[in-house]
>>> print(open('run.cif').read())   # mmCIF, N, CA and C atoms
data_start
#
loop_
_atom_site.group_PDB
_atom_site.id
_atom_site.type_symbol
_atom_site.label_atom_id
_atom_site.label_comp_id
_atom_site.auth_asym_id
_atom_site.auth_seq_id
_atom_site.Cartn_x
_atom_site.Cartn_y
_atom_site.Cartn_z
ATOM 1 N N MET A 30 106.599 97.361 20.104
ATOM 2 C CA MET A 30 105.312 98.007 20.212
ATOM 3 C C MET A 30 104.449 97.557 19.040
ATOM 4 N N ASP A 31 103.192 97.265 19.325
ATOM 5 C CA ASP A 31 102.251 96.860 18.283
ATOM 6 C C ASP A 31 101.743 98.081 17.545
ATOM 7 N N ALA A 32 101.570 97.926 16.226
ATOM 8 C CA ALA A 32 101.014 99.009 15.416
ATOM 9 C C ALA A 32 99.522 99.115 15.677
ATOM 10 N N GLU A 33 99.037 100.339 15.732
ATOM 11 C CA GLU A 33 97.606 100.552 15.894
ATOM 12 C C GLU A 33 96.937 100.435 14.537
ATOM 13 N N LEU A 34 95.741 99.873 14.527
ATOM 14 C CA LEU A 34 94.984 99.744 13.286
ATOM 15 C C LEU A 34 94.253 101.041 13.006
ATOM 16 N N THR A 35 94.058 101.325 11.738
ATOM 17 C CA THR A 35 93.379 102.549 11.328
ATOM 18 C C THR A 35 91.871 102.369 11.273
ATOM 19 N N GLY A 36 91.422 101.125 11.198
ATOM 20 C CA GLY A 36 90.007 100.860 11.004
ATOM 21 C C GLY A 36 89.655 100.658 9.545
ATOM 22 N N ASP A 37 90.615 100.887 8.681
ATOM 23 C CA ASP A 37 90.439 100.677 7.238
ATOM 24 C C ASP A 37 91.325 99.494 6.856
ATOM 25 N N PRO A 38 90.738 98.326 6.570
ATOM 26 C CA PRO A 38 91.542 97.133 6.299
ATOM 27 C C PRO A 38 92.545 97.296 5.164
ATOM 28 N N ALA A 39 92.192 98.047 4.133
ATOM 29 C CA ALA A 39 93.109 98.227 3.002
ATOM 30 C C ALA A 39 94.312 99.067 3.408
ATOM 31 N N VAL A 40 94.080 100.126 4.171
ATOM 32 C CA VAL A 40 95.178 100.966 4.663
ATOM 33 C C VAL A 40 96.026 100.171 5.645
ATOM 34 N N ASP A 41 95.387 99.431 6.539
ATOM 35 C CA ASP A 41 96.123 98.615 7.504
ATOM 36 C C ASP A 41 97.034 97.605 6.806
ATOM 37 N N ALA A 42 96.577 97.034 5.693
ATOM 38 C CA ALA A 42 97.389 96.061 4.949
ATOM 39 C C ALA A 42 98.641 96.716 4.384
ATOM 40 N N VAL A 43 98.504 97.931 3.875
ATOM 41 C CA VAL A 43 99.666 98.649 3.329
ATOM 42 C C VAL A 43 100.631 98.996 4.459
ATOM 43 N N VAL A 44 100.105 99.529 5.558
ATOM 44 C CA VAL A 44 100.950 99.914 6.688
ATOM 45 C C VAL A 44 101.674 98.694 7.257
ATOM 46 N N ALA A 45 100.998 97.563 7.333
ATOM 47 C CA ALA A 45 101.610 96.345 7.869
ATOM 48 C C ALA A 45 102.804 95.892 7.035
ATOM 49 N N ARG A 46 102.768 96.172 5.750
ATOM 50 C CA ARG A 46 103.875 95.773 4.869
ATOM 51 C C ARG A 46 105.154 96.555 5.146
ATOM 52 N N ALA A 47 105.066 97.694 5.809
ATOM 53 C CA ALA A 47 106.255 98.516 6.071
ATOM 54 C C ALA A 47 107.324 97.730 6.824
ATOM 55 N N GLY A 48 106.914 96.820 7.679
ATOM 56 C CA GLY A 48 107.868 96.008 8.428
ATOM 57 C C GLY A 48 108.723 95.103 7.558
ATOM 58 N N GLU A 49 108.281 94.862 6.332
ATOM 59 C CA GLU A 49 109.041 94.009 5.419
ATOM 60 C C GLU A 49 110.362 94.652 5.008
ATOM 61 N N ALA A 50 110.477 95.960 5.172
ATOM 62 C CA ALA A 50 111.707 96.653 4.786
ATOM 63 C C ALA A 50 112.911 96.129 5.558
ATOM 64 N N ALA A 51 112.701 95.681 6.779
ATOM 65 C CA ALA A 51 113.803 95.178 7.598
ATOM 66 C C ALA A 51 114.503 93.990 6.950
ATOM 67 N N GLY A 52 113.792 93.235 6.130
ATOM 68 C CA GLY A 52 114.375 92.069 5.474
ATOM 69 C C GLY A 52 114.978 92.359 4.119
ATOM 70 N N LEU A 53 114.946 93.628 3.703
ATOM 71 C CA LEU A 53 115.483 93.999 2.395
ATOM 72 C C LEU A 53 116.851 94.645 2.521
ATOM 73 N N PRO A 54 117.665 94.529 1.487
ATOM 74 C CA PRO A 54 118.928 95.268 1.491
ATOM 75 C C PRO A 54 118.641 96.774 1.543
ATOM 76 N N THR A 55 119.488 97.512 2.210
ATOM 77 C CA THR A 55 119.296 98.954 2.354
ATOM 78 C C THR A 55 119.097 99.645 1.009
ATOM 79 N N ALA A 56 119.787 99.194 -0.004
ATOM 80 C CA ALA A 56 119.670 99.809 -1.331
ATOM 81 C C ALA A 56 118.263 99.694 -1.907
ATOM 82 N N ASP A 57 117.478 98.732 -1.426
ATOM 83 C CA ASP A 57 116.115 98.525 -1.930
ATOM 84 C C ASP A 57 115.053 99.290 -1.140
ATOM 85 N N HIS A 58 115.440 99.912 -0.028
ATOM 86 C CA HIS A 58 114.469 100.585 0.826
ATOM 87 C C HIS A 58 113.739 101.725 0.113
ATOM 88 N N SER A 59 114.450 102.530 -0.617
ATOM 89 C CA SER A 59 113.824 103.687 -1.273
ATOM 90 C C SER A 59 112.703 103.253 -2.214
ATOM 91 N N GLY A 60 112.970 102.295 -3.064
ATOM 92 C CA GLY A 60 111.955 101.803 -3.989
ATOM 93 C C GLY A 60 110.783 101.159 -3.266
ATOM 94 N N PHE A 61 111.097 100.429 -2.205
ATOM 95 C CA PHE A 61 110.061 99.761 -1.423
ATOM 96 C C PHE A 61 109.139 100.787 -0.772
ATOM 97 N N TYR A 62 109.734 101.788 -0.127
ATOM 98 C CA TYR A 62 108.917 102.811 0.530
ATOM 99 C C TYR A 62 108.146 103.654 -0.479
ATOM 100 N N THR A 63 108.737 103.901 -1.641
ATOM 101 C CA THR A 63 108.019 104.624 -2.690
ATOM 102 C C THR A 63 106.786 103.846 -3.108
ATOM 103 N N SER A 64 106.930 102.538 -3.285
ATOM 104 C CA SER A 64 105.806 101.685 -3.646
ATOM 105 C C SER A 64 104.725 101.710 -2.564
ATOM 106 N N LEU A 65 105.133 101.609 -1.308
ATOM 107 C CA LEU A 65 104.164 101.648 -0.209
ATOM 108 C C LEU A 65 103.418 102.979 -0.183
ATOM 109 N N MET A 66 104.146 104.070 -0.383
ATOM 110 C CA MET A 66 103.498 105.383 -0.357
ATOM 111 C C MET A 66 102.505 105.533 -1.504
ATOM 112 N N GLU A 67 102.841 105.002 -2.683
ATOM 113 C CA GLU A 67 101.914 105.054 -3.812
ATOM 114 C C GLU A 67 100.663 104.236 -3.519
ATOM 115 N N GLN A 68 100.849 103.053 -2.929
ATOM 116 C CA GLN A 68 99.705 102.210 -2.572
ATOM 117 C C GLN A 68 98.844 102.903 -1.513
ATOM 118 N N LEU A 69 99.493 103.500 -0.521
ATOM 119 C CA LEU A 69 98.759 104.183 0.530
ATOM 120 C C LEU A 69 97.967 105.361 -0.043
ATOM 121 N N GLN A 70 98.578 106.104 -0.949
ATOM 122 C CA GLN A 70 97.877 107.231 -1.572
ATOM 123 C C GLN A 70 96.643 106.756 -2.333
ATOM 124 N N ARG A 71 96.771 105.635 -3.070
ATOM 125 C CA ARG A 71 95.609 105.088 -3.789
ATOM 126 C C ARG A 71 94.496 104.703 -2.819
ATOM 127 N N GLU A 72 94.866 104.082 -1.707
ATOM 128 C CA GLU A 72 93.858 103.668 -0.725
ATOM 129 C C GLU A 72 93.172 104.876 -0.100
ATOM 130 N N LEU A 73 93.942 105.889 0.215
ATOM 131 C CA LEU A 73 93.369 107.073 0.841
ATOM 132 C C LEU A 73 92.513 107.877 -0.130
ATOM 133 N N ASP A 74 92.818 107.782 -1.419
ATOM 134 C CA ASP A 74 92.043 108.481 -2.444
ATOM 135 C C ASP A 74 90.822 107.688 -2.918
ATOM 136 N N ALA A 75 90.743 106.414 -2.546
ATOM 137 C CA ALA A 75 89.666 105.544 -3.022
ATOM 138 C C ALA A 75 88.315 106.014 -2.487
ATOM 139 N N ASP A 76 87.276 105.770 -3.278
ATOM 140 C CA ASP A 76 85.910 106.108 -2.881
ATOM 141 C C ASP A 76 85.397 105.015 -1.951
ATOM 142 N N PRO A 77 85.242 105.302 -0.667
ATOM 143 C CA PRO A 77 84.815 104.253 0.259
ATOM 144 C C PRO A 77 83.414 103.721 -0.030
ATOM 145 N N ALA A 78 82.543 104.525 -0.591
ATOM 146 C CA ALA A 78 81.168 104.080 -0.854
ATOM 147 C C ALA A 78 81.138 102.911 -1.824
ATOM 148 N N ALA A 79 82.005 102.934 -2.821
ATOM 149 C CA ALA A 79 82.040 101.851 -3.810
ATOM 150 C C ALA A 79 82.453 100.538 -3.162
ATOM 151 N N HIS A 80 83.366 100.586 -2.232
ATOM 152 C CA HIS A 80 83.855 99.378 -1.587
ATOM 153 C C HIS A 80 82.900 98.885 -0.505
ATOM 154 N N ILE A 81 82.216 99.812 0.137
ATOM 155 C CA ILE A 81 81.216 99.417 1.130
ATOM 156 C C ILE A 81 80.087 98.665 0.427
ATOM 157 N N ALA A 82 79.650 99.191 -0.712
ATOM 158 C CA ALA A 82 78.579 98.546 -1.476
ATOM 159 C C ALA A 82 78.994 97.162 -1.955
ATOM 160 N N ALA A 83 80.288 97.007 -2.273
ATOM 161 C CA ALA A 83 80.788 95.728 -2.767
ATOM 162 C C ALA A 83 81.118 94.762 -1.627
ATOM 163 N N GLY A 84 81.124 95.273 -0.386
ATOM 164 C CA GLY A 84 81.434 94.422 0.761
ATOM 165 C C GLY A 84 82.910 94.147 0.916
ATOM 166 N N THR A 85 83.760 94.989 0.314
ATOM 167 C CA THR A 85 85.205 94.833 0.440
ATOM 168 C C THR A 85 85.753 95.928 1.334
ATOM 169 N N GLY A 86 87.070 95.963 1.483
ATOM 170 C CA GLY A 86 87.721 97.019 2.243
ATOM 171 C C GLY A 86 87.548 98.348 1.535
ATOM 172 N N THR A 87 88.155 99.372 2.071
ATOM 173 C CA THR A 87 87.975 100.711 1.544
ATOM 174 C C THR A 87 88.690 100.931 0.235
ATOM 175 N N GLY A 88 89.748 100.166 -0.040
ATOM 176 C CA GLY A 88 90.524 100.450 -1.240
ATOM 177 C C GLY A 88 90.871 99.220 -2.026
ATOM 178 N N SER A 89 91.688 99.403 -3.034
ATOM 179 C CA SER A 89 91.995 98.350 -3.987
ATOM 180 C C SER A 89 92.860 97.234 -3.436
ATOM 181 N N ALA A 90 93.591 97.457 -2.354
ATOM 182 C CA ALA A 90 94.464 96.417 -1.813
ATOM 183 C C ALA A 90 93.719 95.449 -0.912
ATOM 184 N N ALA A 91 92.485 95.722 -0.607
ATOM 185 C CA ALA A 91 91.734 94.821 0.260
ATOM 186 C C ALA A 91 91.651 93.450 -0.369
ATOM 187 N N GLY A 92 92.151 92.470 0.356
ATOM 188 C CA GLY A 92 92.119 91.110 -0.131
ATOM 189 C C GLY A 92 93.197 90.798 -1.139
ATOM 190 N N ALA A 93 94.071 91.760 -1.413
ATOM 191 C CA ALA A 93 95.146 91.547 -2.386
ATOM 192 C C ALA A 93 96.492 91.649 -1.681
ATOM 193 N N ASP A 94 97.542 91.318 -2.382
ATOM 194 C CA ASP A 94 98.868 91.355 -1.786
ATOM 195 C C ASP A 94 99.462 92.739 -1.772
ATOM 196 N N GLY A 95 98.810 93.727 -2.334
ATOM 197 C CA GLY A 95 99.298 95.091 -2.289
ATOM 198 C C GLY A 95 100.175 95.470 -3.447
ATOM 199 N N GLY A 96 100.453 94.584 -4.351
ATOM 200 C CA GLY A 96 101.220 94.922 -5.538
ATOM 201 C C GLY A 96 102.691 94.647 -5.389
ATOM 202 N N ALA A 97 103.398 94.958 -6.425
ATOM 203 C CA ALA A 97 104.836 94.711 -6.460
ATOM 204 C C ALA A 97 105.604 95.906 -5.934
ATOM 205 N N GLU A 98 106.826 95.627 -5.481
ATOM 206 C CA GLU A 98 107.690 96.724 -5.025
ATOM 207 C C GLU A 98 108.320 97.370 -6.213
#
>>> encode(input="run.cif", output="structure tokens")
Amino acid sequence: MDAELTGDPAVDAVVARAGEAAGLPTADHSGFYTSLMEQLQRELDADPAAHIAAGTGTGSAAGADGGAE
């Protein structure tokens, strides 16, 4: 099943990374998901007006790799 997009490119980028967990050892899943949740929280807390004015996505991960695990 295809994931539905949220309409927020920065949030979509974080959500899309969740599939990467399948390629990680099980022992690394907790840290990976913790990192994703922290990134998602930052995106959801971001001020969309600042990013709209700048012509970027809604949050800090827009156009970036989303950070380290």
>>> resolve_selection(input="run.cif", expression="the PyMOL selection byres (((chain A and resi 43-49 and name CA) around 7) and name CA)", output="ChimeraX atom specification")
/A:39-42,50-52,65,68-69,95
>>> atom_distance(input="run.cif", atom1="atom C of Leu73 of chain A", atom2="atom N of Asp57 of chain A")
26.6 Å
>>> atom_distance(input="run.cif", atom1="atom N of Pro77 of chain A", atom2="atom CA of Gly36 of chain A")
13.4 Å
>>> atom_distance(input="run.cif", atom1="atom CA of Gln70 of chain A", atom2="atom CA of Asp37 of chain A")
13.3 Å
>>> axis_aligned_box(input="run.cif", around="segment 57-62 of chain A", padding_each_side="5 Å", output="AutoDock Vina command-line options")
--center_x 112.8 --center_y 101.1 --center_z -1.6 --size_x 19.3 --size_y 15.2 --size_z 14.8
